[in-house]
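Printed here is upload.txt (compact mmCIF, N, CA and C atoms):
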```txt
# COMPACT_ATOMS: atom_id res chain seq x y z
N MET O 1048 22.53 13.83 1.06
CA MET O 1048 21.52 12.85 1.37
C MET O 1048 20.65 12.60 0.14
N SER O 1049 20.30 11.39 -0.10
CA SER O 1049 19.48 11.01 -1.23
C SER O 1049 18.03 11.44 -1.03
N ASN O 1050 17.31 11.70 -2.14
CA ASN O 1050 15.89 12.01 -2.05
C ASN O 1050 15.08 10.81 -1.60
N THR O 1051 15.60 9.60 -1.76
CA THR O 1051 14.89 8.40 -1.37
C THR O 1051 15.13 8.17 0.12
N MET O 1052 14.08 8.28 0.90
CA MET O 1052 14.18 8.09 2.33
C MET O 1052 13.31 6.89 2.70
N ILE O 1053 13.94 5.79 3.02
CA ILE O 1053 13.22 4.54 3.26
C ILE O 1053 12.38 4.61 4.53
N ASN O 1054 12.86 5.24 5.58
CA ASN O 1054 12.15 5.22 6.86
C ASN O 1054 10.75 5.79 6.79
N ASN O 1055 10.54 6.88 6.06
CA ASN O 1055 9.19 7.43 5.96
C ASN O 1055 8.65 7.35 4.53
N TYR O 1056 9.25 6.50 3.72
CA TYR O 1056 8.76 6.17 2.39
C TYR O 1056 8.63 7.38 1.46
N ALA O 1057 9.47 8.39 1.60
CA ALA O 1057 9.39 9.56 0.74
C ALA O 1057 10.32 9.43 -0.45
N LEU O 1058 9.78 9.59 -1.66
CA LEU O 1058 10.60 9.59 -2.86
C LEU O 1058 11.18 10.97 -3.09
N THR O 1059 10.40 11.98 -2.86
CA THR O 1059 10.84 13.36 -2.94
C THR O 1059 10.33 14.05 -1.68
N PRO O 1060 10.86 15.19 -1.35
CA PRO O 1060 10.40 15.85 -0.13
C PRO O 1060 8.89 16.10 -0.09
N SER O 1061 8.24 16.27 -1.23
CA SER O 1061 6.82 16.61 -1.23
C SER O 1061 5.90 15.40 -1.46
N LYS O 1062 6.45 14.22 -1.71
CA LYS O 1062 5.63 13.05 -2.00
C LYS O 1062 5.92 11.93 -1.02
N GLU O 1063 4.92 11.55 -0.26
CA GLU O 1063 5.06 10.42 0.65
C GLU O 1063 4.34 9.22 0.04
N VAL O 1064 5.00 8.08 0.05
CA VAL O 1064 4.43 6.87 -0.55
C VAL O 1064 4.25 5.82 0.54
N MET O 1065 3.04 5.34 0.67
CA MET O 1065 2.73 4.29 1.64
C MET O 1065 2.70 2.96 0.90
N PRO O 1066 3.52 2.00 1.31
CA PRO O 1066 3.66 0.74 0.56
C PRO O 1066 2.36 -0.03 0.33
N ARG O 1067 1.43 -0.01 1.26
CA ARG O 1067 0.20 -0.80 1.11
C ARG O 1067 -0.91 -0.06 0.38
N ARG O 1068 -0.74 1.21 0.13
CA ARG O 1068 -1.78 2.00 -0.54
C ARG O 1068 -1.78 1.74 -2.04
N LYS O 1069 -2.95 1.86 -2.66
CA LYS O 1069 -3.07 1.74 -4.12
C LYS O 1069 -3.15 3.15 -4.71
N TYR O 1070 -2.36 3.38 -5.76
CA TYR O 1070 -2.30 4.68 -6.40
C TYR O 1070 -2.80 4.59 -7.84
N SER O 1071 -3.50 5.63 -8.28
CA SER O 1071 -3.98 5.70 -9.66
C SER O 1071 -2.80 6.01 -10.59
N THR O 1072 -3.05 5.92 -11.88
CA THR O 1072 -2.03 6.28 -12.87
C THR O 1072 -1.61 7.73 -12.69
N ASN O 1073 -2.57 8.62 -12.46
CA ASN O 1073 -2.25 10.03 -12.25
C ASN O 1073 -1.36 10.22 -11.03
N GLU O 1074 -1.71 9.56 -9.93
CA GLU O 1074 -0.91 9.68 -8.71
C GLU O 1074 0.48 9.10 -8.92
N ALA O 1075 0.57 7.96 -9.59
CA ALA O 1075 1.87 7.35 -9.85
C ALA O 1075 2.74 8.27 -10.70
N SER O 1076 2.14 8.94 -11.67
CA SER O 1076 2.91 9.84 -12.53
C SER O 1076 3.44 11.03 -11.73
N GLU O 1077 2.65 11.53 -10.79
CA GLU O 1077 3.10 12.63 -9.94
C GLU O 1077 4.24 12.17 -9.03
N ILE O 1078 4.10 10.99 -8.46
CA ILE O 1078 5.12 10.47 -7.55
C ILE O 1078 6.45 10.25 -8.27
N LEU O 1079 6.39 9.66 -9.47
CA LEU O 1079 7.62 9.36 -10.21
C LEU O 1079 8.09 10.52 -11.08
N GLY O 1080 7.29 11.58 -11.18
CA GLY O 1080 7.71 12.77 -11.90
C GLY O 1080 7.73 12.61 -13.41
N VAL O 1081 6.81 11.81 -13.94
CA VAL O 1081 6.73 11.60 -15.38
C VAL O 1081 5.27 11.74 -15.83
N ASP O 1082 5.06 11.77 -17.13
CA ASP O 1082 3.72 11.87 -17.69
C ASP O 1082 2.95 10.57 -17.49
N ARG O 1083 1.62 10.65 -17.48
CA ARG O 1083 0.78 9.45 -17.35
C ARG O 1083 1.06 8.45 -18.45
N SER O 1084 1.31 8.92 -19.66
CA SER O 1084 1.57 8.01 -20.78
C SER O 1084 2.86 7.22 -20.55
N THR O 1085 3.82 7.82 -19.85
CA THR O 1085 5.06 7.11 -19.53
C THR O 1085 4.79 5.99 -18.54
N ILE O 1086 3.95 6.26 -17.55
CA ILE O 1086 3.57 5.22 -16.58
C ILE O 1086 2.92 4.05 -17.31
N ARG O 1087 1.97 4.35 -18.20
CA ARG O 1087 1.28 3.29 -18.95
C ARG O 1087 2.27 2.53 -19.84
N HIS O 1088 3.18 3.25 -20.46
CA HIS O 1088 4.18 2.60 -21.32
C HIS O 1088 5.06 1.65 -20.51
N TRP O 1089 5.57 2.12 -19.37
CA TRP O 1089 6.39 1.26 -18.52
C TRP O 1089 5.61 0.03 -18.08
N ALA O 1090 4.33 0.22 -17.74
CA ALA O 1090 3.50 -0.92 -17.32
C ALA O 1090 3.27 -1.88 -18.48
N ASP O 1091 2.98 -1.35 -19.66
CA ASP O 1091 2.75 -2.21 -20.83
C ASP O 1091 4.01 -2.98 -21.21
N GLN O 1092 5.17 -2.41 -20.96
CA GLN O 1092 6.45 -3.06 -21.26
C GLN O 1092 6.86 -4.05 -20.17
N GLY O 1093 6.10 -4.09 -19.06
CA GLY O 1093 6.40 -5.02 -17.99
C GLY O 1093 7.40 -4.50 -16.96
N HIS O 1094 7.75 -3.24 -17.04
CA HIS O 1094 8.73 -2.67 -16.11
C HIS O 1094 8.08 -2.25 -14.79
N LEU O 1095 6.79 -1.95 -14.84
CA LEU O 1095 6.06 -1.49 -13.68
C LEU O 1095 4.80 -2.34 -13.56
N ARG O 1096 4.70 -3.10 -12.46
CA ARG O 1096 3.55 -3.99 -12.27
C ARG O 1096 2.34 -3.20 -11.80
N TYR O 1097 1.17 -3.63 -12.24
CA TYR O 1097 -0.06 -2.96 -11.84
C TYR O 1097 -1.18 -3.97 -11.64
N GLY O 1098 -2.21 -3.53 -10.96
CA GLY O 1098 -3.42 -4.32 -10.80
C GLY O 1098 -4.55 -3.60 -11.51
N VAL O 1099 -5.69 -4.28 -11.61
CA VAL O 1099 -6.87 -3.67 -12.23
C VAL O 1099 -8.00 -3.73 -11.21
N SER O 1100 -8.60 -2.58 -10.98
CA SER O 1100 -9.69 -2.49 -10.02
C SER O 1100 -10.90 -3.27 -10.51
N ARG O 1101 -11.47 -4.08 -9.64
CA ARG O 1101 -12.70 -4.79 -9.99
C ARG O 1101 -13.89 -3.83 -10.03
N HIS O 1102 -13.77 -2.76 -9.29
CA HIS O 1102 -14.85 -1.79 -9.19
C HIS O 1102 -15.03 -0.97 -10.48
N ASN O 1103 -13.92 -0.45 -11.01
CA ASN O 1103 -14.03 0.44 -12.17
C ASN O 1103 -13.16 0.04 -13.36
N GLY O 1104 -12.39 -1.05 -13.24
CA GLY O 1104 -11.58 -1.53 -14.35
C GLY O 1104 -10.33 -0.72 -14.63
N ARG O 1105 -10.01 0.22 -13.77
CA ARG O 1105 -8.82 1.06 -13.99
C ARG O 1105 -7.59 0.45 -13.34
N ARG O 1106 -6.44 0.82 -13.88
CA ARG O 1106 -5.17 0.35 -13.33
C ARG O 1106 -4.89 1.02 -12.01
N PHE O 1107 -4.18 0.29 -11.14
CA PHE O 1107 -3.64 0.89 -9.93
C PHE O 1107 -2.25 0.32 -9.70
N TYR O 1108 -1.48 1.05 -8.96
CA TYR O 1108 -0.09 0.69 -8.65
C TYR O 1108 0.07 0.76 -7.14
N THR O 1109 0.62 -0.28 -6.55
CA THR O 1109 0.81 -0.23 -5.10
C THR O 1109 2.02 0.65 -4.77
N GLY O 1110 1.97 1.20 -3.56
CA GLY O 1110 3.10 2.00 -3.10
C GLY O 1110 4.38 1.19 -3.09
N ALA O 1111 4.28 -0.07 -2.69
CA ALA O 1111 5.47 -0.94 -2.67
C ALA O 1111 6.05 -1.09 -4.06
N GLU O 1112 5.20 -1.22 -5.08
CA GLU O 1112 5.69 -1.35 -6.45
C GLU O 1112 6.32 -0.05 -6.93
N LEU O 1113 5.73 1.08 -6.58
CA LEU O 1113 6.32 2.36 -6.97
C LEU O 1113 7.69 2.55 -6.32
N LEU O 1114 7.80 2.18 -5.05
CA LEU O 1114 9.10 2.25 -4.37
C LEU O 1114 10.11 1.32 -5.00
N ARG O 1115 9.69 0.08 -5.32
CA ARG O 1115 10.59 -0.89 -5.96
C ARG O 1115 11.08 -0.33 -7.30
N PHE O 1116 10.16 0.16 -8.10
CA PHE O 1116 10.51 0.69 -9.41
C PHE O 1116 11.43 1.89 -9.28
N TYR O 1117 11.09 2.82 -8.41
CA TYR O 1117 11.91 4.01 -8.22
C TYR O 1117 13.34 3.64 -7.81
N ASN O 1118 13.45 2.76 -6.83
CA ASN O 1118 14.78 2.38 -6.34
C ASN O 1118 15.58 1.61 -7.38
N SER O 1119 14.91 0.93 -8.30
CA SER O 1119 15.64 0.20 -9.35
C SER O 1119 16.10 1.15 -10.47
N ARG O 1120 15.45 2.28 -10.60
CA ARG O 1120 15.78 3.26 -11.67
C ARG O 1120 16.69 4.37 -11.20
N TYR O 1121 16.52 4.80 -9.97
CA TYR O 1121 17.24 5.97 -9.48
C TYR O 1121 18.15 5.55 -8.38
```

This structure in structure tokens:
Amino acid sequence: MSNTMINNYALTPSKEVMPRRKYSTNEASEILGVDRSTIRHWADQGHLRYGVSRHNGRRFYTGAELLRFYNSRY
């Protein structure tokens, strides 16, 4: 069985991803299993779409985008 389980949005057994939730760069890096700098690099290269919080100006990644990216890579 694949680690990607669509029904409960789990990328790995220990990480559950909710499509409508917004995740920080740190959270995205934990979910995808890479360093924060890799997340920023992928975003800067246009491979991973992100939004910018109006409240604090920081990047965020939706759960749906993390799932899309994960499924396109793995």

**Request:** For Tyr1108 (chain O), work out the shell of residues within 6 Å, counting only N, CA and C atoms and skipping chain neighbours fewer than 4 positions away, then give it as a PyMOL selection string.
**Result:** chain O and resi 1068-1072+1096-1098+1112-1113

Taking all atoms of region 1076-1092 of chain O that the file lists and extending 8 Å past them on each side, where is the centre of the axis-aligned box and how long are its edges? Answer in Å to one decimal, as AutoDock Vina command-line options.
```
--center_x 4.4 --center_y 4.4 --center_z -14.4 --size_x 23.3 --size_y 32.8 --size_z 29.8
```

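When DSSP reads the backbone of this structure, the residues of region 1054-1113 of chain O it assigns to strand (DSSP E or B) are Ala1057, Leu1058, Thr1059, Lys1062, Glu1063, Lys1069, Tyr1070, Gly1098, Val1099, Arg1106, Phe1107, Tyr1108 and Thr1109 of chain O.
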
**Shortest interatomic distance to Arg1105 (chain O) - which of O:Ser1119, O:Lys1062, O:Thr1085, O:Asn1073, counting only C-alpha atoms** = O:Asn1073

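These are the residues of region 1070-1112 of chain O assigned alpha helix (DSSP H) by DSSP from backbone coordinates: O:Thr1072, O:Asn1073, O:Glu1074, O:Ala1075, O:Ser1076, O:Glu1077, O:Ile1078, O:Leu1079, O:Arg1083, O:Ser1084, O:Thr1085, O:Ile1086, O:Arg1087, O:His1088, O:Trp1089, O:Ala1090, O:Asp1091, O:Gly1110, O:Ala1111, O:Glu1112.
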
**Option closest in space to Ile1086 (chain O), from O:Glu1063, O:Ser1100, O:Leu1114, O:Phe1107 [counting only C-alpha atoms]** =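 Among O:Glu1063, O:Ser1100, O:Leu1114, O:Phe1107, it is O:Phe1107 that comes nearest to Ile1086 (chain O).
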
**Message:** Please report the interatomic distance between atom N of Tyr1117 (chain O) and atom C of Gly1080 (chain O) in Å with one decimal.
**Reply:**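 Interatomic distance, atom N of Tyr1117 (chain O) to atom C of Gly1080 (chain O): 11.5 Å.
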
**Request:** Measure the distance from atom N of Arg1067 (chain O) to atom N of Thr1109 (chain O) in Å and round it to one decimal.
**Result:**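 Taking atom N of Arg1067 (chain O) as the start and atom N of Thr1109 (chain O) as the end point, the length is 7.9 Å.
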
**Message:** Report, in Å with one decimal, the straight-line distance from CA of Arg1115 (chain O) to atom N of Pro1066 (chain O).
**Reply:**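 Going from CA of Arg1115 (chain O) over to atom N of Pro1066 (chain O), I get 10.5 Å.
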